[in-house]
Amino acid sequence: MKAAIRHLIRNRRRSLLTLLAVLCPVYILVIMFGFASATMNDMFDTVTRVDTGHLQIRHVETRASGSATPLIQDPAPILAALAGTEGIEWSTVRLDLPALASAGDRSRTVLIQGVVPEEIDPISSMRSRIVEGAYITSDSPGVIVGKEFAALLQLEVGDEFVLLGAHPEIGVVALRVPVVGIVDVPIAELGRSVVQAPLALVRELARSPSAATSVVVRVAGVTGTWDTDTIDAVAQNLRAALPSDYEVLDWRDLVPQVEVYMRLLNPAIAIVAAVFFALGALVVLNTVYLSVMERTKELGLILSLGASRGHVVRMILTEAALLAAVGAAGGAVAGVALILLVEALGGIPLSGDFQLFAKAMGMSPALHLRVAALQTLLAASAMAAVALLAAWYPARRASHLEPVEAMRYVE
Amino acid sequence: MSNSPLIQTIDLHKTYETGTVATPALRGVVLELREKEFTAVAGPSGSGKSTLLHLLGGLDRPTSGEILLEGRPMSTLSKDALARLRMTSIGFVFQAYNLIPVLTVLENTAFVLELQGVARAERIERARRILSELGIDQYADQFPQRISGGEQQRVAVARAVVSEPSIVLADEPTANLDTVTSLELIDLMRRLNRDKGATFLFATHDGRLLDRVNRLVTLVDGRIASDEVRDSA
C-alpha cells in the first residue's frame, strides 16, 4: 500500500489524470441524478397536491357516462371503506364535471372541479397560488379560475361567466357563476382548463345534493416517488374493502404522462452514465497501461526476484483501486456539495422557454437538485468498479512479462 | 566445502532465434558449482556469461540440456514454480536497475522477505542487521536515487543475501562502478562468502577482480574454455 501511494505521488500528473477520469463522471452523474430526483419529486408533488391526490376512488365506467368520469350518486360506501382502511392521511369528495365555459363571444371547454375548500386546504397549494381575488369557501357561490383561462375568456375578479354542464348522465344544465379568484397553477394546461368551485355549487349543476365523481385520497407517510410501494399497498387494501363497482386509480393511472417522463429519465441517465463510464475506463486503461510500460524494468526486476504473477497484478490493481476509490469518493462529495450549495441558494432560477417548459411539466420555476443517496452510491461504486476493471488488462499484461526481456526494455 | 554439487549443468545449450537467424549463446556447457564457492565467470562480451547466469537463475530456459539445483531438475518446473525457486533459493545482483525506486533502502533489502511472507517485524530486523553488517545501515531510510551507484550495488548485495539463498548470482555487478568501488564490492561479496558461507557466482569481464575468486570459469563463444580453481586472497 505504501509503495502504491509512493508510485502515485511519483507520477503526480498521470495519477491526477486518472483521478479526474474517475472523479468527473461521478461528479456529473451525481448532479444529473440530483436533478432527476428533484424534478420527479417536484412533478409528483405538484400533480398529487393540485390535481389527482395519491389515489382516487371512482365508479367503474358505465355506458351511460361515455367519456366523462361516471357519477357516484352517494359516496357514503366509499367513505365507510376509507374509515376502515389503515394508512389514509386524508380524503375528500370531489365532483368533476365537463362543461363549456362562455363569456361574451368566447368559450372554452373546461373541467369544473367541485371541492370542499376547507377539506383540501391542508394539502392543496391552491390557496397559496391565488394571484388575484380570494380563494373559494364552501358557502360562496363563486369559482376560481386559472390565470390562463381568465386570459382566454378575458375575465377578471368579479366578472361572471356561464357554465354549461354537459355530463351524459345529467344532460345539459347552465349556471352563471362569478369569478372570486384567479390562480396561478404550476401546470399550464391545468391553468387553461380547470375551474374550481365549491362542491355544493357543482352539485347544483349536477342536479344532485350528494353526487360525486371521485374520492381523492392521500396516503400517510408518502414523501416522494420512492414511496409508491406504500401507495400501492393502501390501494390494494382499498380494492379489497370496496364494493366491486368502484375502482381505485393511483396517480400513475390518472396522469400517465408524468410517469412516462419519470420512466424515461432514468434510462436516459443510464445511457449518459454508460458513455461517461466508457470514457473514464478508457482514460484509466490508457494511463495504467502507460504506467506499466514506463515501469517495465522495475516490473522485470520484481519478477526476477521471485514475485508471483498474482503479486504483480495486486500491485498494479492496488494503485488503480486507490485512484478509483479517491476519485469516486471525491466525485460524490463534490457533487453532493454542489447540490447542497445550490439548494442553500434556493435553486437555479429558470428563465424564458425553460421556465415555460418547467411550468408545463408541473415543475417549479427554479431548477432544484436533490441528493439522491442510492444513485450517488451506485454511480460512485460503478465508476470505481469500471476503473478497476479497466486496470485489469494492463495489470495482467504486466504479470506476464518475461523478467529478462523486461529488464532489457529500453524506453 | 561440500562435495555434492549445488548446481549442475548437463550439456547446456541456448540459442536465440530472431526471425530466421539463430544465434547460439551457449554450446554444451557442463559445469558443477559447490556450496560456499566464490566463482567468477569471465570472458569477452558475447561469450555467454549473462545467458549462463540467467539460465542458472531460472530467469530463462535452455534450448536443450538440463540444470539441476540441489539435485532437482529445473526444466520440469512451471513458470510459477521457477518464480518460487528464485524467491526462495536464489539471490540476484544485476548490472544496473537493481533497486525499486519507490522503496527505501531498508524496504528494498526486505523485499524478498516480504515476498516470502516473513512477518514485518522479523523482515525489518533481518534487513537492518544485514545493512549494518555491510556498513550501509545509515542509508536505511533513503530512497535509491539519493545514494551513489556503489552504495546501490551494496544494497543489492544485501537484498541478495538477506534471505540466505542457496546461491547468489551476480551479473556484471561492477560494470557501472569505478575501480575502487568495484574492488570494494567484490571484497564485500567475498567477506559474505567467507563469514556466512554464501555461495557466489558472478559474471565479469574485468580482469582486476579475478584474483579475489577461488574459482574462475572462462567462457569463449558459449563454451567453457577453462575452469580453474585458485587459492584466492
# chains A, B, ... in the order shown; residues from 1 in each chain; ligands from 1
call {"tool": "select_by_dssp", "arguments": {"residues": "region 350-404 of chain A", "states": "alpha helix (DSSP H)", "output": "number ranges by chain"}}
result
A: 352-360, 373-399, 403-404
call {"tool": "residues_around", "arguments": {"residues": "Asp250 (chain A)", "least_positions_apart": "2", "cutoff": "12 Å", "atoms": "only C-alpha atoms", "output": "number ranges by chain"}}
result
A: 44, 47-48, 51-58, 215-219, 228-236, 238-239, 247-248, 252-256, 259
call {"tool": "residues_around", "arguments": {"residues": "region 168-176 of chain A", "least_positions_apart": "2", "cutoff": "12 Å", "atoms": "only C-alpha atoms", "output": "number ranges by chain"}}
result
A: 61-73, 97-103, 112, 141-143, 159-166, 178-179, 201-208, 211, 213
call {"tool": "interface_residues", "arguments": {"of": "chain B", "to": "chain A", "cutoff": "8 Å", "atoms": "only C-alpha atoms", "output": "PyMOL selection string"}}
result
chain B and resi 54+59-60+80+82-88+91-92+97-100+102-103+112+115
call {"tool": "select_by_dssp", "arguments": {"residues": "region 170-365 of chain A", "states": "strand (DSSP E or B)", "output": "PyMOL selection string"}}
result
chain A and resi 171-183+194-198+212+214-219+246-250+348-349
call {"tool": "residues_around", "arguments": {"residues": "Lys36 (chain B)", "least_positions_apart": "3", "cutoff": "6 Å", "atoms": "only C-alpha atoms", "output": "MDAnalysis selection string"}}
result
chainID B and resid 197:199
call {"tool": "atom_distance", "arguments": {"atom1": "CA of Leu249 (chain A)", "atom2": "CA of Ile78 (chain A)"}}
result
13.5 Å
call {"tool": "residues_around", "arguments": {"residues": "Thr179 (chain B)", "least_positions_apart": "5", "cutoff": "10 Å", "atoms": "only C-alpha atoms", "output": "list in words"}}
result
Thr174, Glu184, Leu185, Asp206, Arg208 and Leu209 of chain B
call {"tool": "closest_residue", "arguments": {"among": "B:Ala119, B:Val220, B:Leu188, B:Ala170", "to": "Thr39 (chain B)", "atoms": "only C-alpha atoms"}}
result
B:Ala170
call {"tool": "closest_residue", "arguments": {"among": "A:Leu82, A:Leu111, A:Leu369, A:Ala329", "to": "Leu341 (chain A)", "atoms": "only C-alpha atoms"}}
result
A:Leu369
call {"tool": "closest_residue", "arguments": {"among": "B:Leu12, B:Glu114, B:Ile186, B:Arg215", "to": "Arg230 (chain B)", "atoms": "only C-alpha atoms"}}
result
B:Arg215
call {"tool": "atom_distance", "arguments": {"atom1": "CA of Pro44 (chain B)", "atom2": "CA of Gln153 (chain B)"}}
result
22.4 Å
call {"tool": "atom_distance", "arguments": {"atom1": "CA of Ala81 (chain A)", "atom2": "CA of Leu242 (chain A)"}}
result
6.0 Å
call {"tool": "closest_residue", "arguments": {"among": "B:Ile130, B:Leu219, B:Val93, B:Ala121", "to": "Glu164 (chain B)", "atoms": "only C-alpha atoms"}}
result
B:Ile130
call {"tool": "decode", "arguments": {"residues": "region 174-211 of chain B", "atoms": "N, CA, C and O atoms", "output": "PDB file, in the first residue's frame"}}
result
ATOM      1  N   THR B 174      29.793  -5.042 -11.213  1.00  0.00           N
ATOM      2  CA  THR B 174      30.679  -3.867 -11.093  1.00  0.00           C
ATOM      3  C   THR B 174      30.780  -3.095 -12.407  1.00  0.00           C
ATOM      4  O   THR B 174      31.570  -2.162 -12.513  1.00  0.00           O
ATOM      5  N   ALA B 175      29.990  -3.474 -13.389  1.00  0.00           N
ATOM      6  CA  ALA B 175      30.142  -2.893 -14.728  1.00  0.00           C
ATOM      7  C   ALA B 175      30.008  -1.379 -14.737  1.00  0.00           C
ATOM      8  O   ALA B 175      30.658  -0.698 -15.532  1.00  0.00           O
ATOM      9  N   ASN B 176      29.171  -0.849 -13.857  1.00  0.00           N
ATOM     10  CA  ASN B 176      28.954   0.606 -13.870  1.00  0.00           C
ATOM     11  C   ASN B 176      29.706   1.318 -12.750  1.00  0.00           C
ATOM     12  O   ASN B 176      29.388   2.463 -12.432  1.00  0.00           O
ATOM     13  N   LEU B 177      30.663   0.625 -12.126  1.00  0.00           N
ATOM     14  CA  LEU B 177      31.364   1.222 -10.986  1.00  0.00           C
ATOM     15  C   LEU B 177      32.814   1.515 -11.335  1.00  0.00           C
ATOM     16  O   LEU B 177      33.404   0.872 -12.219  1.00  0.00           O
ATOM     17  N   ASP B 178      33.398   2.476 -10.601  1.00  0.00           N
ATOM     18  CA  ASP B 178      34.827   2.755 -10.819  1.00  0.00           C
ATOM     19  C   ASP B 178      35.652   1.641 -10.162  1.00  0.00           C
ATOM     20  O   ASP B 178      35.126   0.787  -9.446  1.00  0.00           O
ATOM     21  N   THR B 179      36.950   1.677 -10.403  1.00  0.00           N
ATOM     22  CA  THR B 179      37.816   0.577  -9.965  1.00  0.00           C
ATOM     23  C   THR B 179      37.743   0.362  -8.460  1.00  0.00           C
ATOM     24  O   THR B 179      37.563  -0.763  -7.993  1.00  0.00           O
ATOM     25  N   VAL B 180      37.898   1.447  -7.702  1.00  0.00           N
ATOM     26  CA  VAL B 180      37.944   1.324  -6.240  1.00  0.00           C
ATOM     27  C   VAL B 180      36.635   0.737  -5.721  1.00  0.00           C
ATOM     28  O   VAL B 180      36.624  -0.215  -4.932  1.00  0.00           O
ATOM     29  N   THR B 181      35.537   1.293  -6.211  1.00  0.00           N
ATOM     30  CA  THR B 181      34.224   0.822  -5.745  1.00  0.00           C
ATOM     31  C   THR B 181      33.995  -0.620  -6.165  1.00  0.00           C
ATOM     32  O   THR B 181      33.415  -1.416  -5.426  1.00  0.00           O
ATOM     33  N   SER B 182      34.466  -0.959  -7.370  1.00  0.00           N
ATOM     34  CA  SER B 182      34.323  -2.338  -7.862  1.00  0.00           C
ATOM     35  C   SER B 182      35.032  -3.311  -6.927  1.00  0.00           C
ATOM     36  O   SER B 182      34.484  -4.340  -6.530  1.00  0.00           O
ATOM     37  N   LEU B 183      36.264  -2.963  -6.574  1.00  0.00           N
ATOM     38  CA  LEU B 183      37.043  -3.846  -5.699  1.00  0.00           C
ATOM     39  C   LEU B 183      36.393  -3.941  -4.323  1.00  0.00           C
ATOM     40  O   LEU B 183      36.334  -5.020  -3.731  1.00  0.00           O
ATOM     41  N   GLU B 184      35.869  -2.821  -3.854  1.00  0.00           N
ATOM     42  CA  GLU B 184      35.193  -2.828  -2.544  1.00  0.00           C
ATOM     43  C   GLU B 184      33.973  -3.748  -2.570  1.00  0.00           C
ATOM     44  O   GLU B 184      33.725  -4.490  -1.630  1.00  0.00           O
ATOM     45  N   LEU B 185      33.245  -3.689  -3.696  1.00  0.00           N
ATOM     46  CA  LEU B 185      32.036  -4.520  -3.796  1.00  0.00           C
ATOM     47  C   LEU B 185      32.406  -6.002  -3.831  1.00  0.00           C
ATOM     48  O   LEU B 185      31.783  -6.827  -3.153  1.00  0.00           O
ATOM     49  N   ILE B 186      33.436  -6.320  -4.605  1.00  0.00           N
ATOM     50  CA  ILE B 186      33.848  -7.726  -4.699  1.00  0.00           C
ATOM     51  C   ILE B 186      34.358  -8.209  -3.333  1.00  0.00           C
ATOM     52  O   ILE B 186      34.068  -9.325  -2.898  1.00  0.00           O
ATOM     53  N   ASP B 187      35.109  -7.330  -2.649  1.00  0.00           N
ATOM     54  CA  ASP B 187      35.607  -7.700  -1.318  1.00  0.00           C
ATOM     55  C   ASP B 187      34.462  -7.944  -0.342  1.00  0.00           C
ATOM     56  O   ASP B 187      34.519  -8.843   0.497  1.00  0.00           O
ATOM     57  N   LEU B 188      33.413  -7.122  -0.507  1.00  0.00           N
ATOM     58  CA  LEU B 188      32.226  -7.281   0.343  1.00  0.00           C
ATOM     59  C   LEU B 188      31.584  -8.646   0.099  1.00  0.00           C
ATOM     60  O   LEU B 188      31.226  -9.368   1.042  1.00  0.00           O
ATOM     61  N   MET B 189      31.438  -8.992  -1.162  1.00  0.00           N
ATOM     62  CA  MET B 189      30.848 -10.288  -1.514  1.00  0.00           C
ATOM     63  C   MET B 189      31.727 -11.423  -0.998  1.00  0.00           C
ATOM     64  O   MET B 189      31.235 -12.431  -0.474  1.00  0.00           O
ATOM     65  N   ARG B 190      33.008 -11.212  -1.105  1.00  0.00           N
ATOM     66  CA  ARG B 190      33.967 -12.242  -0.651  1.00  0.00           C
ATOM     67  C   ARG B 190      33.852 -12.439   0.865  1.00  0.00           C
ATOM     68  O   ARG B 190      33.935 -13.564   1.366  1.00  0.00           O
ATOM     69  N   ARG B 191      33.662 -11.304   1.564  1.00  0.00           N
ATOM     70  CA  ARG B 191      33.533 -11.372   3.024  1.00  0.00           C
ATOM     71  C   ARG B 191      32.280 -12.162   3.408  1.00  0.00           C
ATOM     72  O   ARG B 191      32.312 -12.999   4.310  1.00  0.00           O
ATOM     73  N   LEU B 192      31.205 -11.898   2.694  1.00  0.00           N
ATOM     74  CA  LEU B 192      29.961 -12.629   2.960  1.00  0.00           C
ATOM     75  C   LEU B 192      30.136 -14.117   2.661  1.00  0.00           C
ATOM     76  O   LEU B 192      29.584 -14.976   3.347  1.00  0.00           O
ATOM     77  N   ASN B 193      30.921 -14.392   1.634  1.00  0.00           N
ATOM     78  CA  ASN B 193      31.198 -15.782   1.265  1.00  0.00           C
ATOM     79  C   ASN B 193      31.976 -16.487   2.378  1.00  0.00           C
ATOM     80  O   ASN B 193      31.642 -17.602   2.778  1.00  0.00           O
ATOM     81  N   ARG B 194      32.960 -15.763   2.915  1.00  0.00           N
ATOM     82  CA  ARG B 194      33.800 -16.371   3.974  1.00  0.00           C
ATOM     83  C   ARG B 194      33.063 -16.454   5.306  1.00  0.00           C
ATOM     84  O   ARG B 194      33.026 -17.496   5.944  1.00  0.00           O
ATOM     85  N   ASP B 195      32.445 -15.300   5.677  1.00  0.00           N
ATOM     86  CA  ASP B 195      31.859 -15.225   7.022  1.00  0.00           C
ATOM     87  C   ASP B 195      30.545 -15.978   7.130  1.00  0.00           C
ATOM     88  O   ASP B 195      30.239 -16.563   8.151  1.00  0.00           O
ATOM     89  N   LYS B 196      29.739 -15.922   6.082  1.00  0.00           N
ATOM     90  CA  LYS B 196      28.399 -16.502   6.151  1.00  0.00           C
ATOM     91  C   LYS B 196      28.265 -17.773   5.344  1.00  0.00           C
ATOM     92  O   LYS B 196      27.204 -18.404   5.331  1.00  0.00           O
ATOM     93  N   GLY B 197      29.305 -18.073   4.577  1.00  0.00           N
ATOM     94  CA  GLY B 197      29.257 -19.287   3.762  1.00  0.00           C
ATOM     95  C   GLY B 197      28.358 -19.163   2.551  1.00  0.00           C
ATOM     96  O   GLY B 197      27.902 -20.168   1.988  1.00  0.00           O
ATOM     97  N   ALA B 198      28.073 -17.920   2.145  1.00  0.00           N
ATOM     98  CA  ALA B 198      27.204 -17.713   0.984  1.00  0.00           C
ATOM     99  C   ALA B 198      27.942 -18.102  -0.295  1.00  0.00           C
ATOM    100  O   ALA B 198      29.116 -17.776  -0.465  1.00  0.00           O
ATOM    101  N   THR B 199      27.237 -18.802  -1.170  1.00  0.00           N
ATOM    102  CA  THR B 199      27.832 -19.222  -2.441  1.00  0.00           C
ATOM    103  C   THR B 199      27.595 -18.129  -3.478  1.00  0.00           C
ATOM    104  O   THR B 199      26.467 -17.672  -3.644  1.00  0.00           O
ATOM    105  N   PHE B 200      28.642 -17.712  -4.138  1.00  0.00           N
ATOM    106  CA  PHE B 200      28.526 -16.640  -5.143  1.00  0.00           C
ATOM    107  C   PHE B 200      29.003 -17.135  -6.502  1.00  0.00           C
ATOM    108  O   PHE B 200      29.993 -17.872  -6.612  1.00  0.00           O
ATOM    109  N   LEU B 201      28.282 -16.733  -7.513  1.00  0.00           N
ATOM    110  CA  LEU B 201      28.757 -16.904  -8.888  1.00  0.00           C
ATOM    111  C   LEU B 201      28.514 -15.577  -9.575  1.00  0.00           C
ATOM    112  O   LEU B 201      27.376 -15.113  -9.646  1.00  0.00           O
ATOM    113  N   PHE B 202      29.603 -14.945 -10.013  1.00  0.00           N
ATOM    114  CA  PHE B 202      29.375 -13.662 -10.674  1.00  0.00           C
ATOM    115  C   PHE B 202      30.076 -13.609 -12.017  1.00  0.00           C
ATOM    116  O   PHE B 202      31.127 -14.207 -12.238  1.00  0.00           O
ATOM    117  N   ALA B 203      29.426 -12.907 -12.921  1.00  0.00           N
ATOM    118  CA  ALA B 203      29.990 -12.738 -14.262  1.00  0.00           C
ATOM    119  C   ALA B 203      30.736 -11.422 -14.306  1.00  0.00           C
ATOM    120  O   ALA B 203      30.285 -10.434 -13.727  1.00  0.00           O
ATOM    121  N   THR B 204      31.878 -11.442 -14.961  1.00  0.00           N
ATOM    122  CA  THR B 204      32.632 -10.185 -15.113  1.00  0.00           C
ATOM    123  C   THR B 204      33.551 -10.281 -16.329  1.00  0.00           C
ATOM    124  O   THR B 204      33.911 -11.367 -16.768  1.00  0.00           O
ATOM    125  N   HIS B 205      33.882  -9.140 -16.867  1.00  0.00           N
ATOM    126  CA  HIS B 205      34.943  -9.152 -17.887  1.00  0.00           C
ATOM    127  C   HIS B 205      36.089  -8.260 -17.421  1.00  0.00           C
ATOM    128  O   HIS B 205      36.956  -7.890 -18.182  1.00  0.00           O
ATOM    129  N   ASP B 206      36.034  -7.934 -16.117  1.00  0.00           N
ATOM    130  CA  ASP B 206      37.063  -7.069 -15.535  1.00  0.00           C
ATOM    131  C   ASP B 206      38.152  -7.937 -14.894  1.00  0.00           C
ATOM    132  O   ASP B 206      37.945  -8.543 -13.837  1.00  0.00           O
ATOM    133  N   GLY B 207      39.276  -8.001 -15.533  1.00  0.00           N
ATOM    134  CA  GLY B 207      40.381  -8.855 -15.084  1.00  0.00           C
ATOM    135  C   GLY B 207      40.898  -8.505 -13.702  1.00  0.00           C
ATOM    136  O   GLY B 207      41.443  -9.358 -12.990  1.00  0.00           O
ATOM    137  N   ARG B 208      40.714  -7.236 -13.270  1.00  0.00           N
ATOM    138  CA  ARG B 208      41.264  -6.800 -11.984  1.00  0.00           C
ATOM    139  C   ARG B 208      40.589  -7.474 -10.791  1.00  0.00           C
ATOM    140  O   ARG B 208      41.112  -7.478  -9.704  1.00  0.00           O
ATOM    141  N   LEU B 209      39.405  -8.025 -11.036  1.00  0.00           N
ATOM    142  CA  LEU B 209      38.641  -8.605  -9.920  1.00  0.00           C
ATOM    143  C   LEU B 209      38.955 -10.084  -9.712  1.00  0.00           C
ATOM    144  O   LEU B 209      38.578 -10.671  -8.710  1.00  0.00           O
ATOM    145  N   LEU B 210      39.674 -10.659 -10.696  1.00  0.00           N
ATOM    146  CA  LEU B 210      39.726 -12.120 -10.728  1.00  0.00           C
ATOM    147  C   LEU B 210      40.670 -12.730  -9.699  1.00  0.00           C
ATOM    148  O   LEU B 210      40.577 -13.924  -9.400  1.00  0.00           O
ATOM    149  N   ASP B 211      41.596 -11.932  -9.121  1.00  0.00           N
ATOM    150  CA  ASP B 211      42.483 -12.508  -8.101  1.00  0.00           C
ATOM    151  C   ASP B 211      41.777 -12.663  -6.763  1.00  0.00           C
ATOM    152  O   ASP B 211      42.345 -13.159  -5.813  1.00  0.00           O
TER     153      ASP B 211
END
